[in-house]
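First up is the structure itself, then whatever we jot down about it.
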Amino acid sequence: MWEAARTILKQLFQKPATNIFPAKYAPESTLSFLDMVAREEVKLHPPVTIPPNFRGKIAYDRENCSGCQQCYKVCPTRAIEWLPEEKKIKIFISRCCFCAQCVDVCPVHTLAMTEEFLLANYDKYADELVIIDSGELPGSVKRKKPAAGAAEEPAE
Amino acid sequence: MNLVIIIFGSALLVFIGGFFGMLYRGIDRKLVAHMQARVGPPIVQPFRDVRKLLMKENIIPDGAISWLFNAAPFLALVSTGSLLLFIPLFGQPALLGTYGDMILVLYLLIIPSLAFVLGGFASSSPYATVGAQREMIIMMSYEAPLAVVALGIAWRISHVTAANPFLMSTIAEYPIWSLLGPVGVIGALLMLFTLIVVTVGEAAKVPFDIAEAETEIAGGLLVEYSGRNLSLFYLSDVIKAFAMSSLVVALFIPYNLSPLLGITSTVGGGIIDGLFFLVKVFVVMFFSISLIRAGMARFKISQASTVYVLAMTMVALVGMLLVWADFVIRM
Amino acid sequence: MIQEETKKATYTIPVGPIHPALKEPVQLMLEIEGERVVDTDVRVGQVHRSIEWLGMNRNNPVQSLYVAERICGICNICHPFCLAIAVEQAANITVPDRAEYIRVIAAEMERIHSHLLWAGVAAHEIGFDTVFYRTWQVREEIMDLIEYVFGNRVTKAVLQFGGVRRDITAEQIPRIRKSLDYYKSVFKHLRRVFLEDKTVRMRTRNVGVLSTEDALKLLAVGPSGRASGVPKDVRQDQPYSAYADLNVKAITPDIITGTVVGDVYDRIIVRLLEVKQAVEIIEECIERMPEGPIMSEPKMPRLLKLLTDAAGEGVGRVEAPRGEDIHYVRLEAGQSTLATWKVRAPTYVNLVAVPTILRGMQIADVPITFASLDPCMSCTNRVLVTDRVTGRKSVMGYEELHRLSVEKTKELQR
């Protein structure tokens, strides 16, 4: 009883332990709040710092992809769709379980996990949630580009 | 008293009681949140809650006794509002203080709980039935210590004045502390402690919120209520907490600030007394509701009943005995 | 006037599938007399997700490993761990030593997180919200640590057949030690808040008692069994992975109180002490971790081919935070999926003990008692065949319930 009483009186005078991301109280209207943030009238409180090697939203360097289908074979949730004509993949974030198996498996390091985690959306297939090409990734191992019209290089 | 003044004053009092009840509920939630290292809702949240509830649909379950189901919230709000007419608020005498005394207040305190119980039984849900049974038991249990405390104070005052000792104005005129020696002060402190524990039960907060236990019976009494009916119950709940705290203040801390400061003008004195009253109510609510709510687990119904009927009645009786002993010694 | 004999009729209160007392869907049909529980009917099957079917029909084993991780959010290491042990046994894959130690570290971190989560939930069940918030605040430290070491707060995604996918580097070790020191310093506070608080003791002492013979008869596993005095722990009896090097002893409540009652209070003791034990195990693992590779087969196509060609049977047994978890796996040569996969989660066994424990309890005790068994329904709903524990088929319709409830009220008013 006394331990609880001591704890609550101590905590009454301390700063709350909550990380007040994005704002202290829920705004009356979310959309007007986001407008105010865009116009820089209100500052969002940042979230807790993200550690390195965090498994967030996936990024895909389409140009570098060799079409080996390894990621397609190991995805537990079938979030990766294999496009046979173009020999590339398409990733559906609404199915992704963020296990990063595909990242580990890729021989040319064309997939990477970013730090993004704010992925809420009304539409499962919105543009932000279907990854077709994220551009060049830092740290990807560039493979030799095939000559125009030549067949794809075989996988490792 | 002029009928117009009574009607107008009653309506005004219910509004004021509702406003301050919700304000104090918001302050209580904020304080408890900080005690739990959280940020908590803003202080105006109860106002928003009532506004939201009034906008929601009023659903009446198929098997419920619909006239009783709809009447119970009104009964609760009306009876809680009538409580405010007989308790001195804001340092002024009670609006209908000459028409009813403390015994009437004690009886009136039963009616809101009874309305909750009726609402629970009319709900045709096993959870509500269990909640209503528990509320009945708690209601019966805390009457005993409450009555003993009221008797103790009134008995002591009856030896000082020939006026009706149960009248709230008499109690305000003769604060209990000034009539007692050191032994009696201990007795009065015991009675104050008992009354604070009874306040927690009346206001239905942890550890005595058994009738509305969220984790055990999914909301208990109020499980089937929604929309306007629930908002009426909510309002009656906040006003009852405010009224109960005002009762504690009226019985044990009836002092006014303006005579001490020497302010004789009625308006200025009234404002100072009103603000001081709000501070007193805040102190009572902090110690009885917020602190205890944050620091204890919920009791079982058998334990709660035992605490009230055995332990608290014993404490109140000992307090009353000490007050009697003090009176005999000082004679 | 002759008074005809009245019979006490019981009425049924359904707790679940959606109820604030339950964290996961299960239906407990309680037969109540007044406020006392006379009998219970447990109905599972509300969270069935056909994971074993996926493993046997659609996924190759590497995919199944991560689906197994999602059998339960809180037990997200023990299920893949168990499956990995089973498959490695069936396919004859050896795991390097460093990987074994990392697996054990992950498992113990999961144990700390799970027991702290449970402690907060138990406090919430008895209405003690302050302790709920405080315990989960303490739990934030291990969540941040798991995020730092493994990448995500809850699902660690670190296992693979033949080893682990991430290494614990030397730079990460100081941060791990900082968290462990924090837990050692806060343990005394937690112990005082839970075990020495008067209201907690009022709500948990002599509530939900499972005697030692009943625990042995009903095969209670995990902390629920150990709290009743049955000193069985898979890490002690049949050590797997790196536990063979560590000396893990089963924890029973007589370490602190000296006697075994088998009630909710004892279960709190066992779980808190297991948190302390887990902290010590992680420390020892960090000291003794050998250098070396972390995967025996780092190339995925080769691993997949190995698993497809393998044939054999394997059984994995792991001490999950809730008890003993068993996976049975059979591999057939040439088949890319698992030929047979059967999961038996610990809560499935503990559920059989629920009617015995709940008999004679007040309604107010039901949530805390049920929660004290730490039920993980997501783990339990793995059984494809049967979903009825008792086999009784009485279903009470709405009118019947209402009639009984009204009858009960009338009886009370008499």
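Labels used: A, B, ... for chains in the order of the structure tokens, numbers from 1 for residues in each chain, and numbers from 1 for ligands as shown.
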
Contact check, chain A to chain B, at most 12 Å, counting only C-alpha atoms, closest pairs as a tab-separated table:
```
residue	atom	partner	partner_atom	distance
A:Met1	CA	B:Gly295	CA	7.3
A:Trp2	CA	B:Gly295	CA	8.8
A:Glu3	CA	B:Gly295	CA	9.2
A:Ala4	CA	B:Gly295	CA	5.7
A:Ala5	CA	B:Gly295	CA	5.7
A:Arg6	CA	B:Gly295	CA	9.1
A:Thr7	CA	B:Met35	CA	8.0
A:Ile8	CA	B:Met35	CA	4.7
A:Leu9	CA	B:Met35	CA	6.4
A:Lys10	CA	B:Met35	CA	7.6
A:Gln11	CA	B:Met35	CA	5.0
A:Leu12	CA	B:Met35	CA	4.2
A:Phe13	CA	B:His34	CA	7.7
A:Gln14	CA	B:Ala37	CA	7.4
A:Lys15	CA	B:Ala37	CA	7.1
A:Pro16	CA	B:Ala37	CA	4.3
A:Ala17	CA	B:Ala37	CA	5.3
A:Thr18	CA	B:Arg38	CA	5.8
A:Asn19	CA	B:Val39	CA	9.2
A:Ile20	CA	B:Val39	CA	8.2
A:Phe21	CA	B:Val39	CA	11.7
A:Ala23	CA	B:Val39	CA	11.1
A:Lys24	CA	B:Val39	CA	7.8
A:Tyr25	CA	B:Pro41	CA	7.2
A:Ala26	CA	B:Pro41	CA	9.1
A:Pro27	CA	B:Pro42	CA	11.3
A:Glu28	CA	B:Arg48	CA	10.5
```

Just the selected residues (C-alpha atoms), exported as a PDB file, in the first residue's frame, please.
```pdb
ATOM      1  CA  MET A   1       0.000   0.000   0.000  1.00  0.00           C
ATOM      2  CA  TRP A   2       2.749   2.379   0.918  1.00  0.00           C
ATOM      3  CA  GLU A   3       4.854   1.561  -2.091  1.00  0.00           C
ATOM      4  CA  ALA A   4       1.931   2.420  -4.339  1.00  0.00           C
ATOM      5  CA  ALA A   5       1.229   5.609  -2.382  1.00  0.00           C
ATOM      6  CA  ARG A   6       4.876   6.638  -2.596  1.00  0.00           C
ATOM      7  CA  THR A   7       4.954   5.948  -6.327  1.00  0.00           C
ATOM      8  CA  ILE A   8       1.867   7.980  -7.118  1.00  0.00           C
ATOM      9  CA  LEU A   9       2.914  10.970  -5.067  1.00  0.00           C
ATOM     10  CA  LYS A  10       6.345  10.920  -6.655  1.00  0.00           C
ATOM     11  CA  GLN A  11       4.909  10.653 -10.141  1.00  0.00           C
ATOM     12  CA  LEU A  12       2.447  13.486  -9.497  1.00  0.00           C
ATOM     13  CA  PHE A  13       5.306  15.939  -9.536  1.00  0.00           C
ATOM     14  CA  GLN A  14       7.360  14.382 -12.298  1.00  0.00           C
ATOM     15  CA  LYS A  15       7.061  14.815 -16.024  1.00  0.00           C
ATOM     16  CA  PRO A  16       4.710  12.257 -17.587  1.00  0.00           C
ATOM     17  CA  ALA A  17       6.365   9.261 -19.158  1.00  0.00           C
ATOM     18  CA  THR A  18       4.311   9.565 -22.323  1.00  0.00           C
ATOM     19  CA  ASN A  19       6.029  10.522 -25.535  1.00  0.00           C
ATOM     20  CA  ILE A  20       3.458  13.035 -26.785  1.00  0.00           C
ATOM     21  CA  PHE A  21       3.701  12.172 -30.447  1.00  0.00           C
ATOM     22  CA  ALA A  23       0.507  16.375 -30.262  1.00  0.00           C
ATOM     23  CA  LYS A  24      -0.396  16.594 -26.607  1.00  0.00           C
ATOM     24  CA  TYR A  25      -4.157  16.302 -27.071  1.00  0.00           C
ATOM     25  CA  ALA A  26      -6.130  14.888 -29.971  1.00  0.00           C
ATOM     26  CA  PRO A  27      -7.126  17.788 -32.228  1.00  0.00           C
ATOM     27  CA  GLU A  28     -10.790  18.592 -32.868  1.00  0.00           C
TER      28      GLU A  28
END
```

Inset, instruction - Would you kindly return, as a list of chain:residue names, each protein, DNA or RNA residue with an atom no farther than 10 Å from any atom of Gly16 in chain C, considering only C-alpha atoms and excluding same-chain residues fewer than 6 positions away? - result: C:Leu22, C:Lys23, C:Glu24, C:Pro25, C:Val26, C:Gln27, C:Leu28, C:Met29, C:Val42, C:Arg43, C:Gln46

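A straight line drawn from CA of Leu53 in chain B to CA of Gly227 in chain B is 4.7 Å long.
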
Inset, instruction - Output as number ranges by chain the set of chain C residues within 9 Å of chain B, with distances taken over only C-alpha atoms. - result: C: 11-15, 19-22, 34-35, 123-131, 133-134, 137, 197-200, 202-203, 362-368, 399, 401-402, 405-406, 409

With C-alpha atoms kept, could you save the residues just selected as a CSV table (one decimal), in the first residue's frame?
```
chain,number,residue,atom,x,y,z
C,11,TYR,CA,-27.9,-18.8,-14.4
C,12,THR,CA,-25.3,-18.6,-17.0
C,13,ILE,CA,-23.1,-15.6,-17.6
C,14,PRO,CA,-21.1,-15.7,-20.8
C,15,VAL,CA,-17.6,-14.2,-20.4
C,19,HIS,CA,-15.1,-9.1,-22.8
C,20,PRO,CA,-13.0,-6.5,-21.2
C,21,ALA,CA,-11.6,-9.1,-18.8
C,22,LEU,CA,-10.1,-11.2,-21.7
C,34,GLY,CA,-25.7,-15.9,-6.6
C,35,GLU,CA,-22.1,-14.8,-6.9
C,123,ALA,CA,-3.2,-5.5,-12.1
C,124,HIS,CA,-5.7,-4.0,-14.6
C,125,GLU,CA,-8.0,-7.0,-14.0
C,126,ILE,CA,-8.2,-6.2,-10.2
C,127,GLY,CA,-8.8,-2.6,-10.9
C,128,PHE,CA,-5.3,-1.3,-9.9
C,129,ASP,CA,-4.6,0.8,-12.9
C,130,THR,CA,-1.7,2.6,-11.4
C,131,VAL,CA,0.3,-0.5,-11.2
C,133,TYR,CA,0.7,1.8,-16.1
C,134,ARG,CA,3.8,1.5,-14.0
C,137,GLN,CA,6.3,1.7,-18.3
C,197,ASP,CA,0.6,-4.3,-1.3
C,198,LYS,CA,-2.3,-5.0,1.0
C,199,THR,CA,-5.1,-4.6,-1.6
C,200,VAL,CA,-3.3,-6.9,-4.1
C,202,MET,CA,-6.7,-9.2,-0.5
C,203,ARG,CA,-7.6,-9.9,-4.1
C,362,GLN,CA,-17.0,-15.3,-6.9
C,363,ILE,CA,-17.7,-13.6,-10.3
C,364,ALA,CA,-15.3,-10.9,-9.2
C,365,ASP,CA,-12.5,-13.4,-9.1
C,366,VAL,CA,-13.1,-14.9,-12.5
C,367,PRO,CA,-11.1,-12.3,-14.6
C,368,ILE,CA,-8.1,-12.3,-12.3
C,399,GLU,CA,-34.6,-16.1,-24.2
C,401,LEU,CA,-30.7,-16.6,-20.4
C,402,HIS,CA,-33.1,-13.8,-19.9
C,405,SER,CA,-31.9,-14.0,-15.1
C,406,VAL,CA,-35.4,-12.7,-14.4
C,409,THR,CA,-34.0,-11.6,-9.6
```

Legend entry - In range 126-288 of chain C, DSSP strand (DSSP E) residues written as an MDAnalysis selection string: chainID C and resid 159:160 163:164

Inset, instruction - Residues of chain A near chain C: apply a cut-off of 7 Å, count only C-alpha atoms, and supply the list as a list in words. - result: Met1, Glu3, Ala4, Pro51, Asn53, Phe54, Arg55, Val74, Cys75, Pro76, Cys99 and Val105 of chain A

Inset, instruction - Using DSSP on the backbone coordinates, identify the residues of chain A assigned to alpha helix (DSSP H); present them as a PyMOL selection string. - result: chain A and resi 2-12+30-38+70-74+101-105

Once you have the residues from the selection above, write them out as a compact mmCIF listing (two decimals), in the first residue's frame, restricted to N, CA and C atoms.
```txt
# COMPACT_ATOMS: atom_id res chain seq x y z
N TRP A 2 1.93 1.18 0.81
CA TRP A 2 2.75 2.38 0.92
C TRP A 2 3.62 2.56 -0.29
N GLU A 3 4.05 1.44 -0.88
CA GLU A 3 4.85 1.56 -2.09
C GLU A 3 4.05 2.23 -3.19
N ALA A 4 2.77 1.81 -3.31
CA ALA A 4 1.93 2.42 -4.34
C ALA A 4 1.71 3.89 -4.03
N ALA A 5 1.47 4.20 -2.74
CA ALA A 5 1.23 5.61 -2.38
C ALA A 5 2.46 6.45 -2.67
N ARG A 6 3.65 5.88 -2.34
CA ARG A 6 4.88 6.64 -2.60
C ARG A 6 5.06 6.87 -4.08
N THR A 7 4.77 5.81 -4.87
CA THR A 7 4.95 5.95 -6.33
C THR A 7 4.04 7.02 -6.88
N ILE A 8 2.76 7.01 -6.47
CA ILE A 8 1.87 7.98 -7.12
C ILE A 8 2.19 9.40 -6.69
N LEU A 9 2.60 9.59 -5.45
CA LEU A 9 2.91 10.97 -5.07
C LEU A 9 4.17 11.44 -5.77
N LYS A 10 5.13 10.51 -5.95
CA LYS A 10 6.34 10.92 -6.65
C LYS A 10 6.03 11.28 -8.10
N GLN A 11 5.19 10.43 -8.72
CA GLN A 11 4.91 10.65 -10.14
C GLN A 11 4.04 11.87 -10.37
N LEU A 12 3.31 12.32 -9.33
CA LEU A 12 2.45 13.49 -9.50
C LEU A 12 3.27 14.71 -9.84
N THR A 30 -8.79 16.41 -37.45
CA THR A 30 -7.46 15.94 -37.85
C THR A 30 -6.98 16.63 -39.12
N LEU A 31 -7.91 16.83 -40.05
CA LEU A 31 -7.46 17.39 -41.34
C LEU A 31 -7.00 18.83 -41.17
N SER A 32 -7.72 19.62 -40.38
CA SER A 32 -7.28 21.01 -40.23
C SER A 32 -5.99 21.06 -39.44
N PHE A 33 -5.80 20.07 -38.54
CA PHE A 33 -4.54 20.01 -37.81
C PHE A 33 -3.38 19.75 -38.77
N LEU A 34 -3.60 18.80 -39.70
CA LEU A 34 -2.53 18.50 -40.66
C LEU A 34 -2.27 19.70 -41.56
N ASP A 35 -3.35 20.46 -41.87
CA ASP A 35 -3.13 21.69 -42.66
C ASP A 35 -2.25 22.66 -41.91
N MET A 36 -2.53 22.80 -40.61
CA MET A 36 -1.74 23.74 -39.81
C MET A 36 -0.29 23.28 -39.75
N VAL A 37 -0.09 21.98 -39.68
CA VAL A 37 1.30 21.48 -39.66
C VAL A 37 1.99 21.81 -40.97
N ALA A 38 1.24 21.64 -42.08
CA ALA A 38 1.85 21.93 -43.39
C ALA A 38 2.20 23.40 -43.51
N GLN A 70 14.28 -15.01 -55.73
CA GLN A 70 14.55 -15.51 -54.39
C GLN A 70 13.62 -14.90 -53.36
N CYS A 71 13.40 -13.57 -53.47
CA CYS A 71 12.55 -12.91 -52.48
C CYS A 71 11.13 -13.44 -52.57
N TYR A 72 10.67 -13.69 -53.80
CA TYR A 72 9.33 -14.21 -53.98
C TYR A 72 9.17 -15.56 -53.27
N LYS A 73 10.25 -16.36 -53.29
CA LYS A 73 10.13 -17.69 -52.70
C LYS A 73 10.12 -17.67 -51.19
N VAL A 74 10.74 -16.64 -50.59
CA VAL A 74 10.82 -16.69 -49.13
C VAL A 74 9.81 -15.80 -48.42
N GLN A 101 13.04 -10.96 -44.60
CA GLN A 101 13.67 -12.13 -45.22
C GLN A 101 14.14 -11.80 -46.63
N CYS A 102 13.28 -11.07 -47.35
CA CYS A 102 13.60 -10.75 -48.74
C CYS A 102 14.88 -9.91 -48.80
N VAL A 103 15.04 -9.02 -47.83
CA VAL A 103 16.23 -8.17 -47.80
C VAL A 103 17.47 -9.02 -47.62
N ASP A 104 17.39 -9.98 -46.71
CA ASP A 104 18.57 -10.82 -46.45
C ASP A 104 18.91 -11.70 -47.63
N VAL A 105 17.86 -12.13 -48.34
CA VAL A 105 18.07 -13.15 -49.35
C VAL A 105 18.61 -12.56 -50.67
```

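The coordinates place CA of Ile271 in chain B at 21.7 Å from CA of Ile6 in chain B.
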
Pick out the residues sitting within 9 Å of Tyr265 in chain C, and hand them over as a PDB file with N, CA and C atoms, in the first residue's frame; count only C-alpha atoms, and ignore anything fewer than 4 positions along from it in its own chain.
```pdb
ATOM      1  N   PHE C 194       3.904  -5.406  -6.026  1.00  0.00           N
ATOM      2  CA  PHE C 194       3.011  -6.534  -6.257  1.00  0.00           C
ATOM      3  C   PHE C 194       2.833  -7.396  -5.031  1.00  0.00           C
ATOM      4  N   LEU C 195       3.936  -7.721  -4.368  1.00  0.00           N
ATOM      5  CA  LEU C 195       3.832  -8.757  -3.352  1.00  0.00           C
ATOM      6  C   LEU C 195       3.546  -8.208  -1.974  1.00  0.00           C
ATOM      7  N   VAL C 200      -3.629  -5.773  -3.173  1.00  0.00           N
ATOM      8  CA  VAL C 200      -3.337  -6.853  -4.122  1.00  0.00           C
ATOM      9  C   VAL C 200      -3.449  -8.190  -3.413  1.00  0.00           C
ATOM     10  N   ARG C 201      -2.927  -8.218  -2.198  1.00  0.00           N
ATOM     11  CA  ARG C 201      -2.979  -9.484  -1.461  1.00  0.00           C
ATOM     12  C   ARG C 201      -4.420  -9.852  -1.147  1.00  0.00           C
ATOM     13  N   ARG C 203      -6.960  -9.348  -2.943  1.00  0.00           N
ATOM     14  CA  ARG C 203      -7.622  -9.856  -4.135  1.00  0.00           C
ATOM     15  C   ARG C 203      -7.031 -11.153  -4.642  1.00  0.00           C
ATOM     16  N   THR C 204      -5.786 -11.475  -4.262  1.00  0.00           N
ATOM     17  CA  THR C 204      -5.156 -12.625  -4.917  1.00  0.00           C
ATOM     18  C   THR C 204      -4.841 -13.790  -3.994  1.00  0.00           C
ATOM     19  N   ARG C 205      -4.816 -13.581  -2.692  1.00  0.00           N
ATOM     20  CA  ARG C 205      -4.488 -14.685  -1.787  1.00  0.00           C
ATOM     21  C   ARG C 205      -5.686 -15.616  -1.684  1.00  0.00           C
ATOM     22  N   ASN C 206      -5.441 -16.911  -1.816  1.00  0.00           N
ATOM     23  CA  ASN C 206      -6.509 -17.917  -1.695  1.00  0.00           C
ATOM     24  C   ASN C 206      -7.579 -17.770  -2.749  1.00  0.00           C
ATOM     25  N   VAL C 207      -7.211 -17.188  -3.870  1.00  0.00           N
ATOM     26  CA  VAL C 207      -8.146 -17.036  -4.978  1.00  0.00           C
ATOM     27  C   VAL C 207      -7.637 -17.887  -6.124  1.00  0.00           C
ATOM     28  N   ALA C 227       3.556 -22.768  -9.939  1.00  0.00           N
ATOM     29  CA  ALA C 227       2.998 -22.073  -8.776  1.00  0.00           C
ATOM     30  C   ALA C 227       2.220 -23.027  -7.890  1.00  0.00           C
ATOM     31  N   VAL C 261       0.707 -22.559  -2.010  1.00  0.00           N
ATOM     32  CA  VAL C 261      -0.745 -22.565  -1.896  1.00  0.00           C
ATOM     33  C   VAL C 261      -1.369 -22.818  -3.268  1.00  0.00           C
ATOM     34  N   ILE C 269       4.239 -14.479  -7.818  1.00  0.00           N
ATOM     35  CA  ILE C 269       5.600 -14.683  -7.314  1.00  0.00           C
ATOM     36  C   ILE C 269       6.448 -15.381  -8.363  1.00  0.00           C
ATOM     37  N   VAL C 270       5.887 -16.480  -8.915  1.00  0.00           N
ATOM     38  CA  VAL C 270       6.688 -17.275  -9.858  1.00  0.00           C
ATOM     39  C   VAL C 270       7.078 -16.429 -11.059  1.00  0.00           C
ATOM     40  N   SER C 372      -4.668 -15.086 -14.524  1.00  0.00           N
ATOM     41  CA  SER C 372      -3.463 -15.544 -13.848  1.00  0.00           C
ATOM     42  C   SER C 372      -2.898 -16.783 -14.503  1.00  0.00           C
TER      43      SER C 372
END
```

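Every protein, DNA or RNA residue with an atom at most 9 Å from Val315 in chain C, where only C-alpha atoms count and chain neighbours fewer than 3 positions away do not, is listed here: Cys82, Leu83, Ile85, Ala86, Val87, Gln89, Ala90, Ile326, His327, Tyr328, Val329 and Arg330 of chain C.
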
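Between CA of Glu274 in chain C and CA of Pro231 in chain C there is a distance of 13.1 Å.
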